[in-house]
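This is protein-v4.cif (mmCIF, C-alpha atoms).
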data_final
loop_
_atom_site.label_atom_id
_atom_site.label_comp_id
_atom_site.auth_asym_id
_atom_site.auth_seq_id
_atom_site.Cartn_x
_atom_site.Cartn_y
_atom_site.Cartn_z
CA MET A 1 164.97 -32.75 85.69
CA GLN A 2 164.27 -33.75 89.29
CA ARG A 3 167.60 -32.22 90.32
CA ASN A 4 166.64 -28.89 88.68
CA ALA A 5 163.25 -28.92 90.40
CA THR A 6 164.92 -29.50 93.77
CA ASP A 7 167.41 -26.68 93.12
CA ASN A 8 164.50 -24.33 92.49
CA LEU A 9 162.88 -25.42 95.74
CA LEU A 10 166.13 -24.75 97.60
CA LYS A 11 166.34 -21.23 96.16
CA GLN A 12 162.74 -20.45 97.12
CA ALA A 13 162.66 -22.21 100.49
CA GLU A 14 163.78 -19.16 102.49
CA LYS A 15 160.72 -17.24 101.26
CA VAL A 16 158.31 -19.81 102.68
CA PRO A 17 156.77 -19.35 106.12
CA LEU A 18 157.48 -22.79 107.50
CA ASN A 19 154.34 -23.68 109.48
CA VAL A 20 156.29 -26.88 110.18
CA ALA A 21 156.63 -28.65 113.52
CA CYS A 22 158.50 -31.84 114.32
CA VAL A 23 157.63 -35.03 116.17
CA VAL A 24 160.57 -37.12 117.38
CA ILE A 25 159.85 -40.61 118.72
CA GLY A 26 162.19 -42.84 120.66
CA ARG A 27 162.75 -45.76 123.00
CA ASN A 28 166.08 -46.16 124.80
CA GLU A 29 168.07 -44.30 122.14
CA GLY A 30 170.58 -42.85 124.60
CA ALA A 31 173.03 -40.28 123.23
CA ARG A 32 171.58 -40.65 119.75
CA LEU A 33 168.33 -39.10 120.98
CA LEU A 34 170.10 -35.98 122.22
CA GLU A 35 171.79 -35.57 118.83
CA SER A 36 168.43 -35.99 117.14
CA LEU A 37 166.68 -33.43 119.33
CA ARG A 38 169.48 -30.90 119.00
CA SER A 39 169.39 -31.23 115.20
CA VAL A 40 165.70 -30.27 115.24
CA GLN A 41 166.39 -27.35 117.55
CA ALA A 42 169.16 -26.20 115.19
CA ALA A 43 166.64 -26.29 112.33
CA GLY A 44 164.41 -23.96 114.37
CA LEU A 45 161.31 -26.17 114.47
CA PRO A 46 158.74 -26.44 117.26
CA LEU A 47 159.24 -29.91 118.69
CA VAL A 48 157.41 -32.64 120.57
CA TYR A 49 159.24 -35.73 121.82
CA VAL A 50 157.19 -38.91 122.39
CA ASP A 51 158.74 -41.69 124.43
CA SER A 52 157.67 -45.35 124.34
CA GLY A 53 158.63 -46.72 127.73
CA SER A 54 162.35 -45.87 127.82
CA SER A 55 164.33 -46.95 130.86
CA ASP A 56 167.49 -44.95 130.06
CA GLY A 57 166.35 -41.50 131.21
CA SER A 58 165.39 -40.33 127.71
CA VAL A 59 162.41 -38.28 128.88
CA GLU A 60 164.41 -36.51 131.59
CA ALA A 61 167.22 -35.77 129.12
CA ALA A 62 164.76 -34.30 126.62
CA ARG A 63 163.15 -32.12 129.28
CA LYS A 64 166.56 -30.77 130.30
CA LEU A 65 166.75 -29.42 126.75
CA ALA A 66 163.42 -27.65 127.41
CA ILE A 67 161.65 -29.89 124.90
CA HIS A 68 157.94 -30.59 125.18
CA SER A 69 157.99 -34.30 126.05
CA LEU A 70 155.38 -36.92 126.81
CA GLU A 71 155.31 -40.61 127.63
CA LEU A 72 152.93 -43.12 126.07
CA ASP A 73 150.64 -44.98 128.44
CA SER A 74 152.09 -48.47 128.89
CA SER A 75 148.63 -50.04 129.28
CA GLU A 76 148.50 -50.28 125.47
CA PRO A 77 151.14 -51.92 123.24
CA PHE A 78 153.87 -49.55 122.09
CA SER A 79 154.41 -48.89 118.40
CA ALA A 80 156.09 -46.21 116.31
CA ALA A 81 152.75 -45.60 114.61
CA ARG A 82 150.99 -44.94 117.91
CA ALA A 83 153.81 -42.65 119.08
CA ARG A 84 153.74 -40.59 115.88
CA ASN A 85 149.96 -40.21 115.99
CA ARG A 86 150.12 -39.06 119.60
CA GLY A 87 152.91 -36.64 118.80
CA LEU A 88 150.94 -35.03 116.00
CA GLU A 89 147.94 -34.62 118.31
CA GLU A 90 150.17 -32.82 120.80
CA VAL A 91 151.66 -30.61 118.09
CA MET A 92 148.21 -29.48 117.00
CA LEU A 93 147.24 -28.66 120.58
CA ALA A 94 150.41 -26.64 121.15
CA TRP A 95 150.70 -25.03 117.69
CA PRO A 96 147.27 -25.27 115.98
CA GLU A 97 148.44 -23.24 112.96
CA THR A 98 150.85 -26.03 111.94
CA GLN A 99 150.27 -27.20 108.37
CA TYR A 100 153.11 -29.70 108.01
CA VAL A 101 154.77 -32.09 110.43
CA LEU A 102 158.20 -33.67 110.14
CA PHE A 103 158.37 -37.14 111.67
CA LEU A 104 161.84 -38.09 112.86
CA ASP A 105 163.08 -41.20 114.67
CA GLY A 106 165.29 -40.76 117.71
CA ASP A 107 168.25 -42.43 116.00
CA CYS A 108 168.27 -39.83 113.21
CA THR A 109 169.41 -36.23 112.81
CA VAL A 110 167.61 -33.97 110.36
CA ASP A 111 169.42 -31.99 107.66
CA PRO A 112 168.88 -28.32 108.60
CA GLY A 113 167.72 -27.39 105.10
CA PHE A 114 165.20 -30.18 104.61
CA PRO A 115 162.18 -28.76 106.50
CA ALA A 116 162.09 -25.63 104.34
CA VAL A 117 162.59 -27.58 101.11
CA ALA A 118 159.85 -30.05 102.08
CA ALA A 119 157.48 -27.22 103.05
CA ARG A 120 158.07 -25.55 99.70
CA GLN A 121 157.22 -28.76 97.84
CA LEU A 122 154.05 -29.23 99.88
CA GLU A 123 152.99 -25.62 99.26
CA HIS A 124 153.83 -25.87 95.58
CA ASP A 125 151.87 -29.12 95.05
CA SER A 126 148.51 -29.25 96.84
CA HIS A 127 148.09 -32.94 95.90
CA CYS A 128 151.34 -33.93 97.61
CA ALA A 129 150.85 -35.44 101.09
CA ILE A 130 154.32 -36.76 101.93
CA VAL A 131 157.79 -35.46 101.08
CA THR A 132 161.00 -37.36 101.75
CA GLY A 133 164.62 -36.95 100.69
CA HIS A 134 167.89 -38.86 100.86
CA LEU A 135 168.65 -40.70 104.10
CA ALA A 136 172.32 -41.46 104.80
CA GLU A 137 173.76 -44.01 107.22
CA GLN A 138 176.07 -42.26 109.68
CA HIS A 139 178.56 -45.11 110.20
CA PRO A 140 178.21 -47.52 107.25
CA ASP A 141 181.66 -49.03 107.87
CA GLN A 142 181.08 -49.70 111.58
CA SER A 143 179.65 -53.14 110.75
CA ILE A 144 178.44 -55.10 107.73
CA TYR A 145 174.93 -54.74 109.14
CA ASN A 146 175.14 -50.95 109.13
CA ARG A 147 176.42 -51.21 105.57
CA LEU A 148 173.40 -53.32 104.63
CA CYS A 149 171.17 -50.61 106.09
CA SER A 150 172.94 -48.00 103.96
CA PHE A 151 171.97 -49.99 100.86
CA GLU A 152 168.32 -49.93 101.94
CA TRP A 153 168.23 -46.14 102.09
CA GLN A 154 169.24 -45.85 98.43
CA SER A 155 166.28 -45.19 96.12
CA PRO A 156 165.72 -42.82 93.19
CA PRO A 157 164.00 -39.45 93.65
CA GLY A 158 160.62 -38.75 92.11
CA ARG A 159 157.02 -39.76 92.60
CA MET A 160 156.60 -42.98 94.61
CA ASP A 161 154.28 -45.65 93.27
CA GLY A 162 155.77 -48.41 95.42
CA PHE A 163 156.28 -47.82 99.11
CA LYS A 164 159.07 -50.19 100.09
CA ALA A 165 161.44 -47.19 100.22
CA LEU A 166 159.11 -45.09 102.37
CA GLY A 167 160.49 -45.01 105.90
CA GLY A 168 159.51 -43.27 109.10
CA ILE A 169 161.39 -40.05 108.32
CA MET A 170 159.03 -37.84 106.33
CA ALA A 171 157.30 -34.47 106.12
CA VAL A 172 153.52 -34.79 105.92
CA ARG A 173 150.60 -32.51 105.14
CA VAL A 174 148.57 -32.50 108.36
CA SER A 175 145.18 -32.19 106.65
CA ALA A 176 145.85 -35.18 104.38
CA PHE A 177 147.31 -37.23 107.23
CA ARG A 178 144.20 -36.64 109.32
CA ALA A 179 141.87 -37.26 106.38
CA VAL A 180 143.06 -40.87 106.07
CA GLY A 181 143.23 -41.51 109.81
CA GLY A 182 147.00 -41.21 110.33
CA PHE A 183 149.19 -44.22 110.98
CA ASN A 184 147.62 -47.56 111.83
CA PRO A 185 148.41 -47.80 115.58
CA LYS A 186 148.19 -51.61 115.50
CA ALA A 187 150.99 -51.90 112.93
CA ILE A 188 154.30 -52.67 114.63
CA ALA A 189 156.21 -52.41 111.34
CA GLY A 190 155.48 -51.31 107.79
CA GLU A 191 153.09 -48.59 108.97
CA GLU A 192 154.71 -46.11 106.57
CA ALA A 193 153.84 -48.15 103.46
CA ASP A 194 150.28 -48.59 104.73
CA LEU A 195 149.94 -44.82 105.16
CA GLY A 196 151.41 -44.17 101.70
CA ILE A 197 148.95 -46.55 100.07
CA ARG A 198 145.93 -45.03 101.82
CA LEU A 199 147.06 -41.54 100.81
CA ARG A 200 147.56 -42.60 97.18
CA LEU A 201 144.12 -44.23 97.13
CA ALA A 202 142.70 -40.94 98.44
CA GLY A 203 144.23 -39.09 95.49
CA TYR A 204 147.40 -37.73 97.09
CA SER A 205 150.98 -38.19 95.90
CA VAL A 206 154.18 -39.13 97.72
CA ILE A 207 157.37 -37.44 96.51
CA LYS A 208 161.04 -38.09 97.17
CA LEU A 209 163.19 -35.04 96.51
CA ASP A 210 166.77 -35.18 95.31
CA ALA A 211 167.91 -33.45 98.49
CA PRO A 212 169.50 -34.55 101.78
CA MET A 213 166.88 -35.29 104.45
CA ALA A 214 168.52 -36.92 107.48
CA THR A 215 171.33 -39.08 108.81
CA HIS A 216 170.57 -42.42 110.47
CA ASP A 217 172.62 -44.25 113.10
CA ALA A 218 171.59 -47.91 112.88
CA ARG A 219 174.20 -49.24 115.29
CA ILE A 220 173.48 -52.86 114.36
CA LEU A 221 176.62 -54.65 115.46
CA SER A 222 175.65 -58.33 115.60
CA PHE A 223 174.03 -60.96 113.42
CA ARG A 224 171.39 -61.46 116.11
CA GLN A 225 170.28 -57.81 115.83
CA TRP A 226 170.20 -58.05 112.05
CA TRP A 227 168.19 -61.30 112.19
CA ILE A 228 165.55 -59.86 114.54
CA ARG A 229 165.24 -56.82 112.30
CA ALA A 230 164.72 -59.15 109.32
CA VAL A 231 162.02 -61.04 111.25
CA ARG A 232 160.37 -57.68 111.84
CA GLY A 233 160.53 -57.09 108.09
CA GLY A 234 158.68 -60.35 107.44
CA HIS A 235 156.01 -59.28 109.91
CA ALA A 236 155.65 -56.00 107.99
CA PHE A 237 155.28 -57.85 104.67
CA ALA A 238 152.55 -60.06 106.12
CA GLN A 239 150.64 -57.17 107.61
CA GLY A 240 150.92 -55.19 104.37
CA TYR A 241 149.62 -58.18 102.44
CA ALA A 242 146.73 -58.65 104.86
CA LEU A 243 145.71 -55.00 104.51
CA HIS A 244 146.41 -54.28 100.85
CA GLY A 245 147.55 -57.46 99.10
CA GLY A 246 144.37 -57.71 97.08
CA GLY A 247 144.21 -54.02 96.23
CA LYS A 248 145.61 -51.75 93.55
CA PHE A 249 149.18 -51.78 94.87
CA HIS A 250 149.38 -55.52 95.80
CA GLU A 251 151.33 -54.54 98.91
CA GLY A 252 153.40 -57.35 100.40
CA ARG A 253 152.20 -59.99 97.91
CA ARG A 254 155.46 -60.59 96.12
CA ALA A 255 157.55 -60.41 99.30
CA VAL A 256 155.33 -62.87 101.21
CA LEU A 257 155.14 -65.38 98.35
CA SER A 258 158.89 -65.16 97.76
CA ALA A 259 159.68 -65.72 101.44
CA LEU A 260 157.30 -68.65 101.73
CA PHE A 261 158.74 -70.30 98.63
CA TRP A 262 162.46 -69.80 99.27
CA GLY A 263 162.36 -69.86 103.06
CA LEU A 264 159.85 -72.67 103.62
CA ALA A 265 158.41 -74.56 100.64
CA LEU A 266 161.64 -75.32 98.77
CA PRO A 267 163.70 -76.45 101.79
CA ALA A 268 160.75 -78.54 103.01
CA LEU A 269 160.46 -80.18 99.58
CA ILE A 270 164.20 -80.95 99.53
CA LEU A 271 164.16 -82.49 103.00
CA LEU A 272 160.95 -84.48 102.52
CA THR A 273 162.13 -86.02 99.25
CA LEU A 274 165.79 -86.44 100.16
CA TYR A 275 165.43 -90.11 101.15
CA PRO A 276 162.88 -91.19 98.50
CA SER A 277 164.99 -89.53 95.79
CA ARG A 278 168.21 -91.09 97.16
CA GLY A 279 169.66 -87.64 97.62
CA TRP A 280 168.82 -86.30 94.18
CA SER A 281 166.45 -83.68 95.62
CA ALA A 282 169.55 -81.85 96.91
CA VAL A 283 170.06 -80.75 93.29
CA LEU A 284 167.24 -78.28 93.93
CA LEU A 285 169.66 -76.31 96.11
CA VAL A 286 170.99 -74.87 92.86
CA GLY A 287 167.89 -72.71 92.96
CA TYR A 288 169.49 -70.65 95.73
CA VAL A 289 172.52 -70.09 93.53
CA VAL A 290 170.24 -68.81 90.78
CA LEU A 291 168.41 -66.56 93.26
CA ALA A 292 171.70 -65.16 94.58
CA LEU A 293 172.84 -64.38 91.04
CA ARG A 294 169.56 -62.60 90.32
CA MET A 295 169.96 -60.55 93.49
CA PHE A 296 173.58 -59.76 92.64
CA ARG A 297 172.59 -58.47 89.19
CA HIS A 298 169.78 -56.40 90.74
CA TYR A 299 172.13 -54.69 93.20
CA ARG A 300 174.77 -54.11 90.54
CA ALA A 301 172.13 -52.47 88.35
CA ALA A 302 171.20 -50.31 91.35
CA GLY A 303 174.77 -49.01 91.47
CA LEU A 304 176.42 -51.10 94.18
CA SER A 305 180.03 -52.23 93.78
CA PRO A 306 180.65 -55.95 93.11
CA SER A 307 181.66 -56.57 96.76
CA ASP A 308 178.65 -54.67 98.12
CA ALA A 309 176.33 -56.46 95.69
CA ARG A 310 177.67 -59.84 96.86
CA LEU A 311 177.13 -58.84 100.50
CA ALA A 312 173.57 -57.67 99.83
CA ALA A 313 172.75 -60.83 97.85
CA ARG A 314 174.13 -63.12 100.55
CA PHE A 315 172.09 -61.50 103.29
CA GLY A 316 169.10 -61.28 100.97
CA LEU A 317 169.15 -65.10 100.95
CA TYR A 318 169.41 -65.30 104.74
CA ALA A 319 166.54 -62.84 105.08
CA LYS A 320 164.10 -65.19 103.32
CA PHE A 321 164.23 -67.53 106.32
CA ALA A 322 163.88 -64.70 108.85
CA HIS A 323 160.93 -63.32 106.90
CA VAL A 324 159.11 -66.65 107.20
CA ILE A 325 159.34 -66.40 110.98
CA GLY A 326 157.98 -62.84 110.87
CA ILE A 327 155.11 -63.89 108.60
CA PHE A 328 154.09 -66.68 110.94
CA ARG A 329 154.38 -64.40 113.96
CA PHE A 330 151.88 -62.07 112.32
CA TRP A 331 149.50 -64.88 111.40
CA LEU A 332 149.70 -66.49 114.83
CA ALA A 333 149.06 -63.20 116.63
CA GLY A 334 145.79 -62.77 114.72
CA ALA A 335 143.27 -60.35 116.14
CA LYS A 336 145.28 -59.95 119.35
CA GLY A 337 147.93 -58.01 117.47
CA SER A 338 151.68 -58.22 117.99
CA ARG A 339 154.01 -56.45 120.35
CA ILE A 340 156.92 -54.47 118.99
CA ILE A 341 159.89 -56.50 117.77
CA GLU A 342 163.01 -54.82 119.19
CA TYR A 343 166.41 -55.47 117.69
CA LYS A 344 168.49 -52.82 119.50
#

Turn the structure described in the file into structure tokens.
Amino acid sequence: MQRNATDNLLKQAEKVPLNVACVVIGRNEGARLLESLRSVQAAGLPLVYVDSGSSDGSVEAARKLAIHSLELDSSEPFSAARARNRGLEEVMLAWPETQYVLFLDGDCTVDPGFPAVAARQLEHDSHCAIVTGHLAEQHPDQSIYNRLCSFEWQSPPGRMDGFKALGGIMAVRVSAFRAVGGFNPKAIAGEEADLGIRLRLAGYSVIKLDAPMATHDARILSFRQWWIRAVRGGHAFAQGYALHGGGKFHEGRRAVLSALFWGLALPALILLTLYPSRGWSAVLLVGYVVLALRMFRHYRAAGLSPSDARLAARFGLYAKFAHVIGIFRFWLAGAKGSRIIEYK
């Protein structure tokens, strides 16, 4: 049914006056940024590029493509949320008639048909505030870490009630975005889920279409990069829990509790009781085997092959420990807020 609805949108998309502009954000993305910007130009969208302190000539390269570009003031902490908010402000100054904005990260290229399909959905459904589609990993076989990212992008189309699958690539209704205050500029990760929750609480819906949206180039080639990204994920869980854990959507609650149990409480219990129990507490390590089996079954049910499911389960275990670090980084930062956690 969702596939048929998307097919109808595709057929009608050419009849829709777009009223769509694009905001691309980036920091030291190199050649990937140029591919991203050119993909937006090929889609025919007005475009603003917002740079967060790049040192690789990104701004100059964007301006050579005649793209409206701006640099964030470095006196305030950088964040993707802050960059997107600033980009939308600039879009509305340059093209005040814009009704919808496509947010795109500088390591992604947009599918040329997605802006029109997204605009059609937003025009068709006045209660819809965000439209996404399928995100594909450009080089999933370049490393096991890229492959892990490709698993993350897989989620079913339809109305979103949970926001774990909501990433930074999205088409938004400008009026709804502004009504809830846009992205939280203090969030260094997980700002998309926070926005989705606030929009849902305001009565809007978030829809994923069964249509290609963009291609992502993760380029995560080392365990260190993957680990830092997982720490960033733990930070996002903690911030989501702090903002919405007690609300309708219980954002971050399960992820934070799971990380604290598997990544901190259980290993601490095993170590603290190892001597008094004469080594018997090590039996509790079987819990990780049980958790890995549960994860394996989950990924198999989601459609992954046995080998991919084993890979995802193995790194799912490792991630529990990285998430604990991210959670404590958020708690320790407190009111001061955290600086961006870079893994590239």

Shell around Gly53 of chain A at 12 Å using all atoms listed in the file, local window under 5 positions removed, as a tab-separated table (two decimals) with C-alpha atoms, keeping the file's coordinate frame:
chain	number	residue	atom	x	y	z
A	25	ILE	CA	159.85	-40.61	118.72
A	26	GLY	CA	162.19	-42.84	120.66
A	27	ARG	CA	162.75	-45.76	123.00
A	28	ASN	CA	166.08	-46.16	124.80
A	29	GLU	CA	168.07	-44.30	122.14
A	58	SER	CA	165.39	-40.33	127.71
A	59	VAL	CA	162.41	-38.28	128.88
A	70	LEU	CA	155.38	-36.92	126.81
A	71	GLU	CA	155.31	-40.61	127.63
A	72	LEU	CA	152.93	-43.12	126.07
A	73	ASP	CA	150.64	-44.98	128.44
A	74	SER	CA	152.09	-48.47	128.89
A	75	SER	CA	148.63	-50.04	129.28
A	76	GLU	CA	148.50	-50.28	125.47
A	77	PRO	CA	151.14	-51.92	123.24
A	78	PHE	CA	153.87	-49.55	122.09
A	79	SER	CA	154.41	-48.89	118.40
A	80	ALA	CA	156.09	-46.21	116.31
A	83	ALA	CA	153.81	-42.65	119.08
A	340	ILE	CA	156.92	-54.47	118.99

Can you measure atom CA of Gln41 of chain A to atom CA of Val172 of chain A for me? One decimal in Å is fine. 18.9 Å

Which one is closest to Phe315 of chain A: A:Ala292, A:Ala129, A:Val180, A:Ala81? Count all atoms listed in the file.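 Ranking A:Ala292, A:Ala129, A:Val180, A:Ala81 by distance to Phe315 of chain A, first place goes to A:Ala292.
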
Nearest to Leu221 of chain A, chosen from A:His139, A:Arg178, A:Lys186, A:His323, with all atoms listed in the file counted in the distances: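 Between A:His139, A:Arg178, A:Lys186, A:His323, the residue approaching Leu221 of chain A most closely is A:His139.
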
Quick one: apply the PyMOL selection byres ((chain A and resi 175) around 12) to the file and drop the selected residues here as a PyMOL selection string. chain A and resi 88+92+96-101+122+126-130+172-174+176-182+199+204
